[in-house]
Amino acid sequence: MKTNVTLPDEPQPAPAAQEAEAPEGVVAANKERPIHVDFSKKQHAQWPFQKARSLDRRLKLFLWGDSGVGKTTLALQFPKPVVIDLEGGTDLYGESFDFDVLRASTADEVMAAVEWLLTHPHSYRTLVIDPITVYWDALQKKWSDIFLRRNKGSKGYKFEFYDLQPRDWMTVKAEFKDLIRKLIALDMNVIVTARQKVQYADGAFMKAIGETFDGEKSLPYLFDTIVRLYRDEKGRFLGECLKDRSNRLPPGEFECSFARLEEIFGKKTLARKARPTLFATEEQKRQIRDEIARFGLTPEQVARRLAAYGAESLDELTEENARIILAKFRSASASKGGATTSIQET
């Protein structure tokens with residue numbers, strides 16, 4: 001169907017000449033009425049779109065590679081780093097680099113540290129999690145122990161240990177994604193490292209086809225930039241750019257050093273001060289709950305709308321996004337008719 005879209009204040013074309021009648025025996029096509037779309041802000045106070053522009057995003061970098069390829073030492077060269085060290089990888093670098101460290105051993109310690117950085121003022125510019133591989137193992141251990149105590153009638157119960165069942169993985173992965181959401185929201189450079197492991201072909205028993213990272217499978221989808229580190233036969237530290245949404249890294253192989261990355265991403269951007277994230281106040285959350293009840297939104301509709309703002313619950317909603325949501329409720333209430341439907345369907 002052809003659509004005639006007319007912009008505001010555009011002169012209307014003269015009416016087209018009447019079409020000739022179709023010959024006898026031929027069914028004439030239905031004449032369509034041109035559709036007029038008015039983009040006037042006055043007419044559309046709730047117009048949801050704006051002109052696209054590039055944002056000066058914080059660097060969210062996922063580094064993986066074999067032992068000895070320089071993952072930790074590269075990360076420690078970034079501005080004012082704080083490290084969540086899960087395997088003692090920084091133990092020998094205290095004299096060589098200037099950084100603060102949390103030597104963590106549980107998934108809860110990692111989450112608490114990230115939440116503190118997210119919500120408190122501090123002088124750090126870069127967060128390093130080294131490696132995410134150990135965090136993923138610790139998270140599975142945490143929930144395995146919980147299910148061992150809780151689900152003694154489950155198929156996974158083996159007296160001294162517990163095999164995570166298919167349904168259990170939903171809980172494990174939900175907490176993992178919650179951590180990643182907080183890392184993405186963090187107003188800091190975030191560098192996450194992972195160990196390397198052998199990659200085997202699907203459907204073939206122990207047939208090695210290359211190398212891959214050791215960690216939760218969805219990691220490549222969650223980071224803007226992914227670099228695999230390795231050393232060539234000359235001992236040079238090289239990187240292979242596997243993904244870069246900024247389109248700044250050279251494609252394929254390149255010599256990977258902090259000086260090179262600083263040149264690519266910009267010294268000022270990497271050294272920018274961090275700002276704590278303000279979450280929705282208790283009063284904002286109360287008002288949103290009242291509006292949800294007033295508009296009769298279902299739990300599924302609420303979950304879908306919160307997800308659009310990077311939150312799974314009201315507790316994860318930022319103060320700024322809470323203000324936006326409340327403004328939309330007020331705007332819908334003030335509009336003429338169909339207010340409930342417009343909120344539910346957006």
# chains A, B, ... in the order shown; residues from 1 in each chain; ligands from 1
>>> select_by_dssp(residues="segment 95-328 of chain A", states="strand (DSSP E or B)", output="PyMOL selection string")
chain A and resi 100-103+126-130+157+162+189-200+208-213+225-231+237-244+252-255+279+318
>>> write_last_selection(atoms="N, CA and C atoms", output="tab-separated table (two decimals), in the first residue's frame")
chain	number	residue	atom	x	y	z
A	100	ASP	N	43.76	0.02	43.90
A	100	ASP	CA	43.14	-0.56	45.09
A	100	ASP	C	42.53	-1.90	44.69
A	101	VAL	N	42.39	-2.80	45.67
A	101	VAL	CA	41.95	-4.15	45.34
A	101	VAL	C	41.01	-4.69	46.40
A	102	LEU	N	40.05	-5.48	45.96
A	102	LEU	CA	39.22	-6.30	46.82
A	102	LEU	C	39.48	-7.75	46.42
A	103	ARG	N	40.02	-8.51	47.34
A	103	ARG	CA	40.26	-9.94	47.07
A	103	ARG	C	39.00	-10.70	47.45
A	126	THR	N	38.26	3.39	36.86
A	126	THR	CA	38.20	2.11	36.15
A	126	THR	C	37.93	0.98	37.13
A	127	LEU	N	37.00	0.11	36.79
A	127	LEU	CA	36.76	-1.11	37.55
A	127	LEU	C	37.25	-2.29	36.73
A	128	VAL	N	38.05	-3.14	37.37
A	128	VAL	CA	38.55	-4.36	36.74
A	128	VAL	C	37.99	-5.56	37.50
A	129	ILE	N	37.36	-6.48	36.79
A	129	ILE	CA	36.95	-7.76	37.39
A	129	ILE	C	37.83	-8.84	36.77
A	130	ASP	N	38.64	-9.48	37.59
A	130	ASP	CA	39.70	-10.36	37.09
A	130	ASP	C	39.73	-11.68	37.86
A	157	TYR	N	19.36	-33.38	44.01
A	157	TYR	CA	19.88	-33.61	45.36
A	157	TYR	C	20.70	-34.90	45.41
A	162	TYR	N	24.87	-30.90	44.88
A	162	TYR	CA	23.62	-30.69	44.15
A	162	TYR	C	23.94	-30.41	42.69
A	189	ASN	N	34.99	3.24	33.47
A	189	ASN	CA	35.49	2.25	32.55
A	189	ASN	C	35.37	0.89	33.24
A	190	VAL	N	34.87	-0.10	32.54
A	190	VAL	CA	34.75	-1.43	33.11
A	190	VAL	C	35.53	-2.40	32.22
A	191	ILE	N	36.49	-3.09	32.83
A	191	ILE	CA	37.29	-4.07	32.11
A	191	ILE	C	37.10	-5.42	32.79
A	192	VAL	N	36.53	-6.34	32.06
A	192	VAL	CA	36.27	-7.69	32.57
A	192	VAL	C	37.15	-8.66	31.81
A	193	THR	N	37.90	-9.47	32.55
A	193	THR	CA	38.77	-10.45	31.90
A	193	THR	C	38.17	-11.86	32.06
A	194	ALA	N	38.60	-12.75	31.18
A	194	ALA	CA	38.17	-14.15	31.26
A	194	ALA	C	39.31	-15.05	30.80
A	195	ARG	N	39.34	-16.23	31.37
A	195	ARG	CA	40.30	-17.23	30.93
A	195	ARG	C	39.93	-17.75	29.55
A	196	GLN	N	40.87	-18.42	28.93
A	196	GLN	CA	40.64	-19.05	27.63
A	196	GLN	C	40.48	-20.55	27.82
A	197	LYS	N	39.64	-21.16	26.99
A	197	LYS	CA	39.49	-22.62	27.03
A	197	LYS	C	39.35	-23.15	25.60
A	198	VAL	N	39.48	-24.44	25.47
A	198	VAL	CA	39.34	-25.08	24.15
A	198	VAL	C	37.87	-25.09	23.75
A	199	GLN	N	37.62	-24.78	22.50
A	199	GLN	CA	36.27	-24.83	21.98
A	199	GLN	C	36.09	-26.11	21.18
A	200	TYR	N	35.01	-26.85	21.50
A	200	TYR	CA	34.74	-28.11	20.82
A	200	TYR	C	33.55	-27.96	19.89
A	208	ALA	N	38.23	-30.63	18.92
A	208	ALA	CA	38.63	-29.24	19.14
A	208	ALA	C	38.61	-28.46	17.84
A	209	ILE	N	38.00	-27.27	17.87
A	209	ILE	CA	37.93	-26.45	16.67
A	209	ILE	C	38.54	-25.06	16.88
A	210	GLY	N	39.10	-24.81	18.09
A	210	GLY	CA	39.70	-23.51	18.35
A	210	GLY	C	39.69	-23.18	19.82
A	211	GLU	N	39.71	-21.88	20.13
A	211	GLU	CA	39.67	-21.41	21.51
A	211	GLU	C	38.49	-20.45	21.69
A	212	THR	N	38.03	-20.36	22.92
A	212	THR	CA	36.98	-19.41	23.27
A	212	THR	C	37.17	-18.98	24.72
A	213	PHE	N	36.35	-18.05	25.18
A	213	PHE	CA	36.43	-17.58	26.56
A	213	PHE	C	35.78	-18.60	27.49
A	225	THR	N	32.74	-3.83	23.53
A	225	THR	CA	34.04	-4.10	22.91
A	225	THR	C	34.60	-5.41	23.45
A	226	ILE	N	35.02	-6.29	22.55
A	226	ILE	CA	35.59	-7.58	22.93
A	226	ILE	C	36.92	-7.75	22.20
A	227	VAL	N	37.97	-8.05	22.97
A	227	VAL	CA	39.29	-8.25	22.39
A	227	VAL	C	39.88	-9.54	22.95
A	228	ARG	N	40.34	-10.37	22.06
A	228	ARG	CA	41.09	-11.57	22.47
A	228	ARG	C	42.58	-11.23	22.44
A	229	LEU	N	43.26	-11.46	23.58
A	229	LEU	CA	44.68	-11.18	23.69
A	229	LEU	C	45.49	-12.45	23.48
A	230	TYR	N	46.66	-12.30	22.84
A	230	TYR	CA	47.57	-13.43	22.64
A	230	TYR	C	48.96	-12.89	22.34
A	231	ARG	N	49.94	-13.76	22.31
A	231	ARG	CA	51.32	-13.39	21.97
A	231	ARG	C	51.73	-14.15	20.73
A	237	PHE	N	52.72	-8.62	22.30
A	237	PHE	CA	51.37	-8.70	22.85
A	237	PHE	C	50.40	-8.14	21.80
A	238	LEU	N	49.55	-9.00	21.29
A	238	LEU	CA	48.63	-8.62	20.23
A	238	LEU	C	47.19	-8.80	20.67
A	239	GLY	N	46.30	-8.10	20.00
A	239	GLY	CA	44.87	-8.23	20.25
A	239	GLY	C	44.13	-8.49	18.96
A	240	GLU	N	43.07	-9.25	19.06
A	240	GLU	CA	42.19	-9.49	17.92
A	240	GLU	C	40.82	-8.90	18.27
A	241	CYS	N	40.41	-7.90	17.54
A	241	CYS	CA	39.13	-7.25	17.80
A	241	CYS	C	38.00	-8.15	17.29
A	242	LEU	N	37.22	-8.68	18.23
A	242	LEU	CA	36.11	-9.55	17.87
A	242	LEU	C	34.79	-8.79	17.79
A	243	LYS	N	34.74	-7.62	18.45
A	243	LYS	CA	33.52	-6.80	18.43
A	243	LYS	C	33.87	-5.42	18.94
A	244	ASP	N	33.33	-4.39	18.31
A	244	ASP	CA	33.54	-3.03	18.78
A	244	ASP	C	32.43	-2.13	18.26
A	252	GLY	N	40.37	-6.94	13.11
A	252	GLY	CA	41.36	-8.01	13.11
A	252	GLY	C	42.49	-7.79	14.09
A	253	GLU	N	43.68	-8.19	13.72
A	253	GLU	CA	44.85	-8.16	14.60
A	253	GLU	C	45.44	-6.75	14.73
A	254	PHE	N	45.85	-6.39	15.95
A	254	PHE	CA	46.55	-5.12	16.16
A	254	PHE	C	47.42	-5.25	17.41
A	255	GLU	N	48.45	-4.41	17.48
A	255	GLU	CA	49.32	-4.42	18.65
A	255	GLU	C	48.57	-3.77	19.80
A	279	PHE	N	19.19	6.18	42.68
A	279	PHE	CA	18.05	5.31	42.41
A	279	PHE	C	16.75	5.96	42.88
A	318	THR	N	16.36	3.99	38.19
A	318	THR	CA	17.09	5.19	38.57
A	318	THR	C	16.12	6.34	38.87
>>> residues_around(residues="Lys285 of chain A", least_positions_apart="4", cutoff="10 Å", atoms="only C-alpha atoms", output="list in words")
Phe279, Ala280, Thr281, Arg289, Asp290, Glu291, Leu314, Asp315, Leu317, Glu319, Ala322 and Leu326 of chain A
>>> closest_residue(among="A:Val134, A:Trp64, A:Ala259, A:Tyr124", to="Gly88 of chain A", atoms="only C-alpha atoms")
A:Val134
>>> residues_around(residues="Arg248 of chain A", least_positions_apart="2", cutoff="10 Å", atoms="only C-alpha atoms", output="list of chain:residue names")
A:Thr225, A:Asp244, A:Arg245, A:Ser246, A:Pro250, A:Pro251, A:Leu261, A:Ile264, A:Phe265
>>> write_last_selection(atoms="C-alpha atoms", output="PDB file, in the first residue's frame")
ATOM      1  CA  THR A 225      34.035  -4.101  22.909  1.00  0.00           C
ATOM      2  CA  ASP A 244      33.544  -3.029  18.780  1.00  0.00           C
ATOM      3  CA  ARG A 245      30.319  -1.017  18.696  1.00  0.00           C
ATOM      4  CA  SER A 246      32.328   2.219  18.794  1.00  0.00           C
ATOM      5  CA  PRO A 250      41.131  -1.609  13.956  1.00  0.00           C
ATOM      6  CA  PRO A 251      39.532  -4.756  12.546  1.00  0.00           C
ATOM      7  CA  LEU A 261      43.898   2.057  23.492  1.00  0.00           C
ATOM      8  CA  ILE A 264      41.910   5.231  20.208  1.00  0.00           C
ATOM      9  CA  PHE A 265      39.329   5.931  22.922  1.00  0.00           C
TER      10      PHE A 265
END
>>> closest_residue(among="A:Trp136, A:Ser257, A:Asp187, A:Ala107", to="Ala274 of chain A", atoms="only C-alpha atoms")
A:Asp187
>>> atom_distance(atom1="atom CA of Ser96 of chain A", atom2="atom CA of Val114 of chain A")
24.9 Å
>>> closest_atom_pairs(of="segment 99-143 of chain A", to="segment 165-174 of chain A", cutoff="9 Å", atoms="only C-alpha atoms", output="Markdown table")
| residue | atom | partner | partner_atom | distance |
| --- | --- | --- | --- | --- |
| A:Leu139 | CA | A:Val172 | CA | 7.0 |
| A:Gln140 | CA | A:Val172 | CA | 6.6 |
| A:Lys142 | CA | A:Val172 | CA | 8.9 |
| A:Trp143 | CA | A:Val172 | CA | 6.7 |
>>> write_last_selection(atoms="C-alpha atoms", output="mmCIF file, in the first residue's frame")
data_model
loop_
_atom_site.group_PDB
_atom_site.id
_atom_site.type_symbol
_atom_site.label_atom_id
_atom_site.label_comp_id
_atom_site.auth_asym_id
_atom_site.auth_seq_id
_atom_site.Cartn_x
_atom_site.Cartn_y
_atom_site.Cartn_z
ATOM 1 C CA LEU A 139 27.781 -17.910 41.373
ATOM 2 C CA GLN A 140 26.978 -21.500 40.410
ATOM 3 C CA LYS A 142 26.326 -20.188 45.632
ATOM 4 C CA TRP A 143 23.059 -21.393 44.112
#
>>> closest_residue(among="A:Ala271, A:Leu183, A:Cys256, A:Ile324", to="Val69 of chain A", atoms="only C-alpha atoms")
A:Cys256
>>> atom_distance(atom1="atom CA of Glu312 of chain A", atom2="atom CA of Arg181 of chain A")
10.0 Å
>>> closest_residue(among="A:Leu297, A:Met206, A:Leu148, A:Leu270", to="Leu61 of chain A", atoms="only C-alpha atoms")
A:Leu270
>>> atom_distance(atom1="atom CA of Gly266 of chain A", atom2="atom CA of Tyr309 of chain A")
28.3 Å
>>> decode(residues="segment 190-228 of chain A", atoms="C-alpha atoms", output="tab-separated table (two decimals), in the first residue's frame")
chain	number	residue	atom	x	y	z
A	190	VAL	CA	34.75	-1.43	33.11
A	191	ILE	CA	37.29	-4.07	32.11
A	192	VAL	CA	36.27	-7.69	32.57
A	193	THR	CA	38.77	-10.45	31.90
A	194	ALA	CA	38.17	-14.15	31.26
A	195	ARG	CA	40.30	-17.23	30.93
A	196	GLN	CA	40.64	-19.05	27.63
A	197	LYS	CA	39.49	-22.62	27.03
A	198	VAL	CA	39.34	-25.08	24.15
A	199	GLN	CA	36.27	-24.83	21.98
A	200	TYR	CA	34.74	-28.11	20.82
A	201	ALA	CA	32.49	-28.70	17.83
A	202	ASP	CA	28.80	-29.18	18.53
A	203	GLY	CA	27.65	-32.75	18.02
A	204	ALA	CA	31.19	-34.15	17.80
A	205	PHE	CA	32.85	-35.85	20.75
A	206	MET	CA	35.89	-33.88	21.94
A	207	LYS	CA	36.67	-32.45	18.50
A	208	ALA	CA	38.63	-29.24	19.14
A	209	ILE	CA	37.93	-26.45	16.67
A	210	GLY	CA	39.70	-23.51	18.35
A	211	GLU	CA	39.67	-21.41	21.51
A	212	THR	CA	36.98	-19.41	23.27
A	213	PHE	CA	36.43	-17.58	26.56
A	214	ASP	CA	35.62	-19.47	29.75
A	215	GLY	CA	32.44	-17.96	31.19
A	216	GLU	CA	28.70	-17.52	30.81
A	217	LYS	CA	27.71	-17.92	27.16
A	218	SER	CA	25.88	-14.59	26.76
A	219	LEU	CA	28.96	-12.46	27.64
A	220	PRO	CA	29.74	-11.46	24.01
A	221	TYR	CA	26.27	-9.91	23.64
A	222	LEU	CA	26.60	-7.78	26.78
A	223	PHE	CA	29.77	-5.79	26.08
A	224	ASP	CA	30.44	-3.04	23.54
A	225	THR	CA	34.04	-4.10	22.91
A	226	ILE	CA	35.59	-7.58	22.93
A	227	VAL	CA	39.29	-8.25	22.39
A	228	ARG	CA	41.09	-11.57	22.47
